[in-house]
file model_23.cif (mmCIF, C-alpha atoms and all ligand atoms; chains and numbers go by the auth columns)
data_structure
loop_
_atom_site.group_PDB
_atom_site.id
_atom_site.type_symbol
_atom_site.label_atom_id
_atom_site.label_comp_id
_atom_site.label_asym_id
_atom_site.label_seq_id
_atom_site.Cartn_x
_atom_site.Cartn_y
_atom_site.Cartn_z
_atom_site.B_iso_or_equiv
_atom_site.auth_seq_id
_atom_site.auth_asym_id
ATOM 1 C CA MET A 1 12.163 -15.678 13.363 0.00 274 A
ATOM 2 C CA ILE A 2 11.793 -12.268 14.920 0.00 275 A
ATOM 3 C CA GLY A 3 9.366 -12.253 17.850 0.00 276 A
ATOM 4 C CA TYR A 4 6.357 -9.985 18.046 0.00 277 A
ATOM 5 C CA GLU A 5 7.744 -8.447 21.276 0.00 278 A
ATOM 6 C CA VAL A 6 10.544 -6.841 19.251 0.00 279 A
ATOM 7 C CA LEU A 7 8.078 -5.724 16.580 0.00 280 A
ATOM 8 C CA ARG A 8 5.854 -4.166 19.206 0.00 281 A
ATOM 9 C CA GLU A 9 8.759 -2.325 20.745 0.00 282 A
ATOM 10 C CA ARG A 10 9.728 -0.881 17.344 0.00 283 A
ATOM 11 C CA PHE A 11 6.132 0.052 16.579 0.00 284 A
ATOM 12 C CA GLN A 12 5.793 1.895 19.881 0.00 285 A
ATOM 13 C CA LEU A 13 9.132 3.651 19.458 0.00 286 A
ATOM 14 C CA ASP A 14 8.942 4.640 15.772 0.00 287 A
ATOM 15 C CA GLY A 15 5.215 4.571 15.018 0.00 288 A
ATOM 16 C CA TYR A 16 5.762 1.986 12.280 0.00 289 A
ATOM 17 C CA VAL A 17 7.340 -1.425 11.810 0.00 290 A
ATOM 18 C CA HIS A 18 7.864 -3.823 8.915 0.00 291 A
ATOM 19 C CA PHE A 19 8.386 -7.577 8.795 0.00 292 A
ATOM 20 C CA ASP A 20 7.755 -10.691 6.694 0.00 293 A
ATOM 21 C CA LEU A 21 4.097 -11.590 7.216 0.00 294 A
ATOM 22 C CA ARG A 22 4.575 -15.065 5.729 0.00 295 A
ATOM 23 C CA ALA A 23 6.749 -16.007 8.719 0.00 296 A
ATOM 24 C CA PHE A 24 3.658 -15.587 10.929 0.00 297 A
ATOM 25 C CA VAL A 25 0.848 -16.420 8.483 0.00 298 A
ATOM 26 C CA PRO A 26 2.113 -19.007 5.944 0.00 299 A
ATOM 27 C CA SER A 27 -1.252 -19.222 4.129 0.00 300 A
ATOM 28 C CA ILE A 28 -0.611 -15.757 2.693 0.00 301 A
ATOM 29 C CA ALA A 29 1.458 -17.333 -0.095 0.00 302 A
ATOM 30 C CA ASP A 30 -1.601 -18.889 -1.786 0.00 303 A
ATOM 31 C CA VAL A 31 -3.298 -15.570 -2.504 0.00 304 A
ATOM 32 C CA VAL A 32 -0.458 -13.889 -4.386 0.00 305 A
ATOM 33 C CA GLU A 33 -0.839 -15.814 -7.646 0.00 306 A
ATOM 34 C CA ARG A 34 -4.565 -15.211 -7.602 0.00 307 A
ATOM 35 C CA VAL A 35 -4.078 -11.450 -7.288 0.00 308 A
ATOM 36 C CA ALA A 36 -1.518 -11.484 -10.114 0.00 309 A
ATOM 37 C CA SER A 37 -4.031 -13.140 -12.426 0.00 310 A
ATOM 38 C CA ILE A 38 -6.796 -10.524 -11.993 0.00 311 A
ATOM 39 C CA GLY A 39 -7.618 -9.105 -15.435 0.00 312 A
ATOM 40 C CA GLU A 40 -6.170 -5.728 -16.425 0.00 313 A
ATOM 41 C CA ASP A 41 -9.674 -4.374 -17.066 0.00 314 A
ATOM 42 C CA ARG A 42 -10.526 -4.563 -13.352 0.00 315 A
ATOM 43 C CA TRP A 43 -7.830 -2.100 -12.347 0.00 316 A
ATOM 44 C CA SER A 44 -8.894 1.537 -12.573 0.00 317 A
ATOM 45 C CA PHE A 45 -6.626 4.568 -12.706 0.00 318 A
ATOM 46 C CA ILE A 46 -6.527 6.708 -9.589 0.00 319 A
ATOM 47 C CA VAL A 47 -4.924 10.115 -10.099 0.00 320 A
ATOM 48 C CA LYS A 48 -4.687 13.112 -7.775 0.00 321 A
ATOM 49 C CA ASN A 49 -3.549 16.417 -9.209 0.00 322 A
ATOM 50 C CA ARG A 50 -4.290 20.161 -8.877 0.00 323 A
ATOM 51 C CA ASP A 51 -7.739 19.584 -10.436 0.00 324 A
ATOM 52 C CA GLY A 52 -8.844 16.994 -7.858 0.00 325 A
ATOM 53 C CA GLU A 53 -8.978 13.222 -7.590 0.00 326 A
ATOM 54 C CA HIS A 54 -9.868 11.174 -10.660 0.00 327 A
ATOM 55 C CA ASP A 55 -10.928 7.522 -10.547 0.00 328 A
ATOM 56 C CA LEU A 56 -10.999 6.403 -14.182 0.00 329 A
ATOM 57 C CA CYS A 57 -11.925 2.974 -15.480 0.00 330 A
ATOM 58 C CA SER A 58 -9.387 0.894 -17.389 0.00 331 A
ATOM 59 C CA SER A 59 -10.913 1.822 -20.779 0.00 332 A
ATOM 60 C CA ASP A 60 -10.382 5.550 -20.062 0.00 333 A
ATOM 61 C CA LYS A 61 -6.680 5.395 -20.941 0.00 334 A
ATOM 62 C CA VAL A 62 -6.525 8.686 -22.866 0.00 335 A
ATOM 63 C CA GLU A 63 -8.057 10.714 -20.035 0.00 336 A
ATOM 64 C CA ALA A 64 -5.961 8.787 -17.484 0.00 337 A
ATOM 65 C CA SER A 65 -2.726 9.676 -19.252 0.00 338 A
ATOM 66 C CA ARG A 66 -3.838 13.335 -19.540 0.00 339 A
ATOM 67 C CA GLN A 67 -4.521 13.479 -15.794 0.00 340 A
ATOM 68 C CA HIS A 68 -1.294 11.586 -15.111 0.00 341 A
ATOM 69 C CA ALA A 69 0.706 14.222 -17.022 0.00 342 A
ATOM 70 C CA ILE A 70 -0.805 16.984 -14.848 0.00 343 A
ATOM 71 C CA ALA A 71 -0.075 14.967 -11.682 0.00 344 A
ATOM 72 C CA ASP A 72 3.493 14.464 -12.857 0.00 345 A
ATOM 73 C CA ARG A 73 3.965 18.212 -13.286 0.00 346 A
ATOM 74 C CA ASP A 74 2.533 18.765 -9.802 0.00 347 A
ATOM 75 C CA ARG A 75 5.014 16.229 -8.426 0.00 348 A
ATOM 76 C CA GLU A 76 7.886 18.106 -10.085 0.00 349 A
ATOM 77 C CA LEU A 77 6.611 21.335 -8.521 0.00 350 A
ATOM 78 C CA GLY A 78 6.581 19.706 -5.069 0.00 351 A
ATOM 79 C CA ARG A 79 2.786 19.614 -4.794 0.00 352 A
ATOM 80 C CA PHE A 80 0.997 16.612 -3.360 0.00 353 A
ATOM 81 C CA ALA A 81 -0.097 14.299 -6.175 0.00 354 A
ATOM 82 C CA PHE A 82 -0.356 10.613 -7.025 0.00 355 A
ATOM 83 C CA SER A 83 -0.962 8.403 -10.007 0.00 356 A
ATOM 84 C CA PHE A 84 -1.298 4.617 -10.013 0.00 357 A
ATOM 85 C CA ARG A 85 -3.874 1.908 -10.634 0.00 358 A
ATOM 86 C CA TRP A 86 -6.046 0.401 -7.981 0.00 359 A
ATOM 87 C CA MET A 87 -8.897 -1.929 -7.184 0.00 360 A
ATOM 88 C CA PRO A 88 -10.913 -0.750 -4.194 0.00 361 A
ATOM 89 C CA ASP A 89 -13.130 -3.082 -2.200 0.00 362 A
ATOM 90 C CA SER A 90 -16.235 -1.518 -3.744 0.00 363 A
ATOM 91 C CA ARG A 91 -19.605 -2.896 -4.809 0.00 364 A
ATOM 92 C CA GLU A 92 -18.336 -3.069 -8.417 0.00 365 A
ATOM 93 C CA ASN A 93 -15.446 -5.276 -7.315 0.00 366 A
ATOM 94 C CA ALA A 94 -17.435 -7.565 -5.020 0.00 367 A
ATOM 95 C CA ASP A 95 -17.145 -10.323 -7.668 0.00 368 A
ATOM 96 C CA VAL A 96 -13.327 -10.206 -7.866 0.00 369 A
ATOM 97 C CA GLU A 97 -12.566 -13.362 -5.904 0.00 370 A
ATOM 98 C CA ALA A 98 -8.837 -12.717 -5.443 0.00 371 A
ATOM 99 C CA LEU A 99 -9.539 -9.249 -4.024 0.00 372 A
ATOM 100 C CA GLN A 100 -12.123 -10.643 -1.620 0.00 373 A
ATOM 101 C CA ALA A 101 -9.838 -13.541 -0.617 0.00 374 A
ATOM 102 C CA MET A 102 -7.025 -11.102 0.142 0.00 375 A
ATOM 103 C CA LYS A 103 -9.331 -8.897 2.199 0.00 376 A
ATOM 104 C CA GLN A 104 -10.651 -11.913 4.122 0.00 377 A
ATOM 105 C CA LEU A 105 -7.105 -12.986 4.879 0.00 378 A
ATOM 106 C CA MET A 106 -6.211 -9.532 6.195 0.00 379 A
ATOM 107 C CA ALA A 107 -9.354 -9.685 8.381 0.00 380 A
ATOM 108 C CA SER A 108 -8.747 -13.289 9.490 0.00 381 A
ATOM 109 C CA ARG A 109 -8.181 -14.249 13.100 0.00 382 A
ATOM 110 C CA PRO A 110 -4.425 -15.052 12.778 0.00 383 A
ATOM 111 C CA VAL A 111 -3.724 -11.677 11.141 0.00 384 A
ATOM 112 C CA LEU A 112 -5.904 -9.744 13.597 0.00 385 A
ATOM 113 C CA GLU A 113 -4.235 -11.488 16.553 0.00 386 A
ATOM 114 C CA LEU A 114 -0.768 -10.763 15.213 0.00 387 A
ATOM 115 C CA LEU A 115 -1.608 -7.101 14.543 0.00 388 A
ATOM 116 C CA GLY A 116 -3.100 -6.823 18.024 0.00 389 A
ATOM 117 C CA LYS A 117 0.163 -8.077 19.547 0.00 390 A
ATOM 118 C CA VAL A 118 2.305 -5.791 17.379 0.00 391 A
ATOM 119 C CA THR A 119 0.281 -2.596 17.797 0.00 392 A
ATOM 120 C CA GLY A 120 -1.071 -3.115 21.311 0.00 393 A
ATOM 121 C CA SER A 121 -4.583 -2.206 20.176 0.00 394 A
ATOM 122 C CA VAL A 122 -7.265 -4.788 19.438 0.00 395 A
ATOM 123 C CA PRO A 123 -8.284 -4.640 15.768 0.00 396 A
ATOM 124 C CA LEU A 124 -11.981 -5.337 15.335 0.00 397 A
ATOM 125 C CA ALA A 125 -12.360 -5.196 11.570 0.00 398 A
ATOM 126 C CA VAL A 126 -10.938 -3.934 8.277 0.00 399 A
ATOM 127 C CA SER A 127 -12.454 -0.487 7.666 0.00 400 A
ATOM 128 C CA GLN A 128 -10.896 0.112 4.238 0.00 401 A
ATOM 129 C CA PHE A 129 -9.211 -2.179 1.737 0.00 402 A
ATOM 130 C CA TYR A 130 -7.734 -1.881 -1.742 0.00 403 A
ATOM 131 C CA LEU A 131 -5.083 -3.340 -4.018 0.00 404 A
ATOM 132 C CA SER A 132 -2.636 -1.003 -5.736 0.00 405 A
ATOM 133 C CA TRP A 133 -0.618 -1.495 -8.909 0.00 406 A
ATOM 134 C CA PHE A 134 2.348 0.732 -9.691 0.00 407 A
ATOM 135 C CA GLU A 135 4.102 0.501 -13.046 0.00 408 A
ATOM 136 C CA HIS A 136 6.337 2.787 -15.078 0.00 409 A
ATOM 137 C CA GLY A 137 5.698 6.456 -14.193 0.00 410 A
ATOM 138 C CA HIS A 138 3.436 5.794 -11.195 0.00 411 A
ATOM 139 C CA PHE A 139 4.118 7.468 -7.853 0.00 412 A
ATOM 140 C CA LEU A 140 2.481 8.518 -4.585 0.00 413 A
ATOM 141 C CA GLY A 141 3.546 11.815 -3.003 0.00 414 A
ATOM 142 C CA THR A 142 4.287 12.394 0.674 0.00 415 A
ATOM 143 C CA HIS A 143 1.210 11.921 2.847 0.00 416 A
ATOM 144 C CA CYS A 144 0.056 10.570 6.196 0.00 417 A
ATOM 145 C CA ASP A 145 -2.512 7.780 6.215 0.00 418 A
ATOM 146 C CA PRO A 146 -5.866 8.680 7.731 0.00 419 A
ATOM 147 C CA GLY A 147 -7.542 6.551 10.385 0.00 420 A
ATOM 148 C CA GLN A 148 -8.137 6.153 14.075 0.00 421 A
ATOM 149 C CA SER A 149 -6.038 3.060 14.819 0.00 422 A
ATOM 150 C CA PHE A 150 -3.503 1.694 12.320 0.00 423 A
ATOM 151 C CA GLY A 151 -3.031 0.820 8.676 0.00 424 A
ATOM 152 C CA VAL A 152 -0.946 -1.740 6.814 0.00 425 A
ATOM 153 C CA ALA A 153 0.591 -2.145 3.363 0.00 426 A
ATOM 154 C CA LEU A 154 1.427 -5.703 2.308 0.00 427 A
ATOM 155 C CA SER A 155 3.781 -6.049 -0.650 0.00 428 A
ATOM 156 C CA LEU A 156 2.749 -8.731 -3.154 0.00 429 A
ATOM 157 C CA THR A 157 5.606 -7.874 -5.502 0.00 430 A
ATOM 158 C CA LYS A 158 8.013 -10.539 -6.698 0.00 431 A
ATOM 159 C CA GLU A 159 11.707 -9.985 -7.525 0.00 432 A
ATOM 160 C CA TRP A 160 11.734 -6.197 -7.627 0.00 433 A
ATOM 161 C CA ASP A 161 14.907 -4.387 -8.657 0.00 434 A
ATOM 162 C CA PRO A 162 15.426 -1.341 -6.379 0.00 435 A
ATOM 163 C CA ASN A 163 16.891 0.479 -9.401 0.00 436 A
ATOM 164 C CA HIS A 164 13.327 0.583 -10.704 0.00 437 A
ATOM 165 C CA GLY A 165 12.030 2.928 -7.990 0.00 438 A
ATOM 166 C CA GLY A 166 8.715 2.201 -6.316 0.00 439 A
ATOM 167 C CA LEU A 167 10.463 2.448 -2.939 0.00 440 A
ATOM 168 C CA THR A 168 8.421 3.234 0.154 0.00 441 A
ATOM 169 C CA VAL A 169 10.211 6.030 1.981 0.00 442 A
ATOM 170 C CA VAL A 170 9.243 6.872 5.571 0.00 443 A
ATOM 171 C CA LEU A 171 10.030 10.376 6.819 0.00 444 A
ATOM 172 C CA PRO A 172 10.061 11.376 10.481 0.00 445 A
ATOM 173 C CA ASP A 173 7.344 13.908 11.185 0.00 446 A
ATOM 174 C CA GLY A 174 8.370 17.341 9.961 0.00 447 A
ATOM 175 C CA GLY A 175 11.715 16.059 8.721 0.00 448 A
ATOM 176 C CA LYS A 176 13.133 15.570 5.277 0.00 449 A
ATOM 177 C CA GLU A 177 15.766 12.921 6.034 0.00 450 A
ATOM 178 C CA PRO A 178 14.300 9.448 5.376 0.00 451 A
ATOM 179 C CA ALA A 179 13.916 7.245 8.456 0.00 452 A
ATOM 180 C CA ALA A 180 13.410 4.103 6.368 0.00 453 A
ATOM 181 C CA CYS A 181 13.471 3.102 2.733 0.00 454 A
ATOM 182 C CA LEU A 182 11.719 -0.132 1.806 0.00 455 A
ATOM 183 C CA VAL A 183 12.298 -2.062 -1.403 0.00 456 A
ATOM 184 C CA PRO A 184 9.094 -3.900 -2.401 0.00 457 A
ATOM 185 C CA GLY A 185 9.704 -7.431 -1.122 0.00 458 A
ATOM 186 C CA LEU A 186 7.252 -10.287 -1.331 0.00 459 A
ATOM 187 C CA PHE A 187 5.146 -10.481 1.868 0.00 460 A
ATOM 188 C CA THR A 188 6.755 -7.467 3.533 0.00 461 A
ATOM 189 C CA LEU A 189 4.112 -5.970 5.787 0.00 462 A
ATOM 190 C CA LEU A 190 4.458 -2.333 6.822 0.00 463 A
ATOM 191 C CA VAL A 191 2.322 -1.342 9.819 0.00 464 A
ATOM 192 C CA PHE A 192 1.644 2.337 10.518 0.00 465 A
ATOM 193 C CA ASP A 193 0.291 3.924 13.650 0.00 466 A
ATOM 194 C CA THR A 194 -2.481 6.300 12.550 0.00 467 A
ATOM 195 C CA SER A 195 -3.966 6.923 15.991 0.00 468 A
ATOM 196 C CA ALA A 196 -1.912 9.705 17.522 0.00 469 A
ATOM 197 C CA ARG A 197 1.204 9.779 15.354 0.00 470 A
ATOM 198 C CA ARG A 198 1.942 11.341 12.009 0.00 471 A
ATOM 199 C CA ILE A 199 4.130 9.077 9.894 0.00 472 A
ATOM 200 C CA PRO A 200 4.696 10.815 6.530 0.00 473 A
ATOM 201 C CA HIS A 201 5.718 8.512 3.692 0.00 474 A
ATOM 202 C CA PHE A 202 5.783 8.354 -0.090 0.00 475 A
ATOM 203 C CA VAL A 203 6.302 5.896 -2.960 0.00 476 A
ATOM 204 C CA SER A 204 9.064 6.983 -5.320 0.00 477 A
ATOM 205 C CA ALA A 205 8.336 7.095 -9.047 0.00 478 A
ATOM 206 C CA VAL A 206 8.576 3.740 -10.798 0.00 479 A
ATOM 207 C CA THR A 207 11.039 3.452 -13.669 0.00 480 A
ATOM 208 C CA ALA A 208 10.631 -0.296 -14.272 0.00 481 A
ATOM 209 C CA PRO A 209 10.351 -1.750 -17.779 0.00 482 A
ATOM 210 C CA ALA A 210 6.849 -2.249 -19.183 0.00 483 A
ATOM 211 C CA ARG A 211 4.761 -4.991 -17.548 0.00 484 A
ATOM 212 C CA ARG A 212 6.760 -4.963 -14.312 0.00 485 A
ATOM 213 C CA ARG A 213 4.271 -4.208 -11.550 0.00 486 A
ATOM 214 C CA ARG A 214 4.579 -3.308 -7.918 0.00 487 A
ATOM 215 C CA ILE A 215 1.471 -4.778 -6.276 0.00 488 A
ATOM 216 C CA THR A 216 0.399 -3.954 -2.732 0.00 489 A
ATOM 217 C CA ALA A 217 -2.607 -4.739 -0.560 0.00 490 A
ATOM 218 C CA VAL A 218 -3.586 -1.823 1.673 0.00 491 A
ATOM 219 C CA ALA A 219 -5.826 -2.241 4.699 0.00 492 A
ATOM 220 C CA ARG A 220 -6.936 0.121 7.440 0.00 493 A
ATOM 221 C CA TYR A 221 -8.261 -1.234 10.692 0.00 494 A
ATOM 222 C CA ARG A 222 -10.853 -0.177 13.199 0.00 495 A
ATOM 223 C CA ALA A 223 -9.836 -0.874 16.776 0.00 496 A
HETATM 224 FE FE FE B . 0.063 5.668 2.747 0.00 501 B
#

call {"tool": "encode", "arguments": {"input": "model_23.cif", "output": "structure tokens", "more": "lines below"}}
Ligand SMILES: [Fe+2]
result
Amino acid sequence: MIGYEVLRERFQLDGYVHFDLRAFVPSIADVVERVASIGEDRWSFIVKNRDGEHDLCSSDKVEASRQHAIADRDRELGRFAFSFRWMPDSRENADVEALQAMKQLMASRPVLELLGKVTGSVPLAVSQFYLSWFEHGHFLGTHCDPGQSFGVALSLTKEWDPNHGGLTVVLPDGGKEPAACLVPGLFTLLVFDTSARRIPHFVSAVTAPARRRRITAVARYRA
């Protein structure tokens, strides 16, 4: 198993690092099935296009696909846009047990201690948390994550074919040549420095067959 010293070195050098979280926190495996079984109706559509950001509930499929089409055109034109489904840690979702269990795990002592060793800053709490679901046509344009300390993206995706897109591509600041390209792998944790560095990244458009989902848990930390 790779030691956290190496991870910390990479994080300090590159501003990001990725590794298998299960190797450090085995209990992570229990939560995945629970997240996969959350009902479709709990996942809203989140779309950003030239007209703004639209958070549409699962029953708003017609409007969601209209906004998605505009976002898709913006993507083709090279404008910042995104379109996927998500479940934020909001008051409305306080009763989704799998979401809350996942958030608690990401805020648990073993995870906080590990992240403290890797990043060199002491995480106090999770300041933002959501689950994302990417399926056919979904994408997230190049952006830098906001925040004062660091953020993480934990892949909960099983057996993903890289031919189906949904790759996380990390670009060095100001550059266009990718520095890293991550295939969604179960329990792969990507940690980003959001304190002083700019680490642009994007999620390439998903071309997977229907019902194949790329699921990720995203957390930002206060340190
Ligand atoms: Fe991001």

call {"tool": "residues_near_ligand", "arguments": {"input": "model_23.cif", "ligand": "ligand FE 501 (chain B)", "cutoff": "7 Å", "atoms": "all atoms listed in the file", "output": "ChimeraX atom specification"}}
result
/A:416-418,474-475

call {"tool": "resolve_selection", "arguments": {"input": "model_23.cif", "expression": "the PyMOL selection byres (((chain A and resi 332) around 10) and not hetatm)", "output": "list in words"}}
result
Glu313, Asp314, Arg315, Trp316, Ser317, Phe318, Leu329, Cys330, Ser331, Asp333, Lys334, Val335, Glu336 and Ala337 of chain A

call {"tool": "residues_near_point", "arguments": {"input": "model_23.cif", "point": "(-0.4, -13.8, -9.1)", "cutoff": "10 Å", "atoms": "only C-alpha atoms", "output": "list in words"}}
result
Ala302, Asp303, Val304, Val305, Glu306, Arg307, Val308, Ala309, Ser310, Ile311, Ala371, Leu429, Thr430, Lys431 and Ile488 of chain A

call {"tool": "write_last_selection", "arguments": {"input": "model_23.cif", "atoms": "C-alpha atoms", "output": "tab-separated table (two decimals), in the coordinates of the input"}}
result
chain	number	residue	atom	x	y	z
A	302	ALA	CA	1.46	-17.33	-0.10
A	303	ASP	CA	-1.60	-18.89	-1.79
A	304	VAL	CA	-3.30	-15.57	-2.50
A	305	VAL	CA	-0.46	-13.89	-4.39
A	306	GLU	CA	-0.84	-15.81	-7.65
A	307	ARG	CA	-4.57	-15.21	-7.60
A	308	VAL	CA	-4.08	-11.45	-7.29
A	309	ALA	CA	-1.52	-11.48	-10.11
A	310	SER	CA	-4.03	-13.14	-12.43
A	311	ILE	CA	-6.80	-10.52	-11.99
A	371	ALA	CA	-8.84	-12.72	-5.44
A	429	LEU	CA	2.75	-8.73	-3.15
A	430	THR	CA	5.61	-7.87	-5.50
A	431	LYS	CA	8.01	-10.54	-6.70
A	488	ILE	CA	1.47	-4.78	-6.28

call {"tool": "closest_residue", "arguments": {"input": "model_23.cif", "among": "A:Pro383, A:Gly420, A:Gly325, A:Gly351", "to": "A:Ile301", "atoms": "only C-alpha atoms"}}
result
A:Pro383

call {"tool": "closest_residue", "arguments": {"input": "model_23.cif", "among": "A:Pro299, A:Leu462, A:Gly410, A:Leu440", "to": "A:Pro482", "atoms": "all atoms listed in the file"}}
result
A:Gly410

call {"tool": "atom_distance", "arguments": {"input": "model_23.cif", "atom1": "atom CA of A:Met379", "atom2": "atom CA of A:Pro451"}}
result
28.0 Å

call {"tool": "residues_around", "arguments": {"input": "model_23.cif", "residues": "A:Ala344", "least_positions_apart": "5", "cutoff": "12 Å", "atoms": "all atoms listed in the file", "output": "ChimeraX atom specification"}}
result
/A:319-327,337-339,349-357,410-414,478

call {"tool": "residues_around", "arguments": {"input": "model_23.cif", "residues": "A:Val395", "least_positions_apart": "3", "cutoff": "8 Å", "atoms": "all atoms listed in the file", "output": "ChimeraX atom specification"}}
result
/A:385-386,388-389,496

call {"tool": "write_last_selection", "arguments": {"input": "model_23.cif", "atoms": "C-alpha atoms", "output": "mmCIF file, in the coordinates of the input"}}
result
data_model
loop_
_atom_site.group_PDB
_atom_site.id
_atom_site.type_symbol
_atom_site.label_atom_id
_atom_site.label_comp_id
_atom_site.auth_asym_id
_atom_site.auth_seq_id
_atom_site.Cartn_x
_atom_site.Cartn_y
_atom_site.Cartn_z
ATOM 1 C CA LEU A 385 -5.904 -9.744 13.597
ATOM 2 C CA GLU A 386 -4.235 -11.488 16.553
ATOM 3 C CA LEU A 388 -1.608 -7.101 14.543
ATOM 4 C CA GLY A 389 -3.100 -6.823 18.024
ATOM 5 C CA ALA A 496 -9.836 -0.874 16.776
#

call {"tool": "resolve_selection", "arguments": {"input": "model_23.cif", "expression": "the PyMOL selection byres (((chain A and resi 286) around 12) and not hetatm)", "output": "PyMOL selection string"}}
result
chain A and resi 279-285+287-290+391-392+445+465-466+470
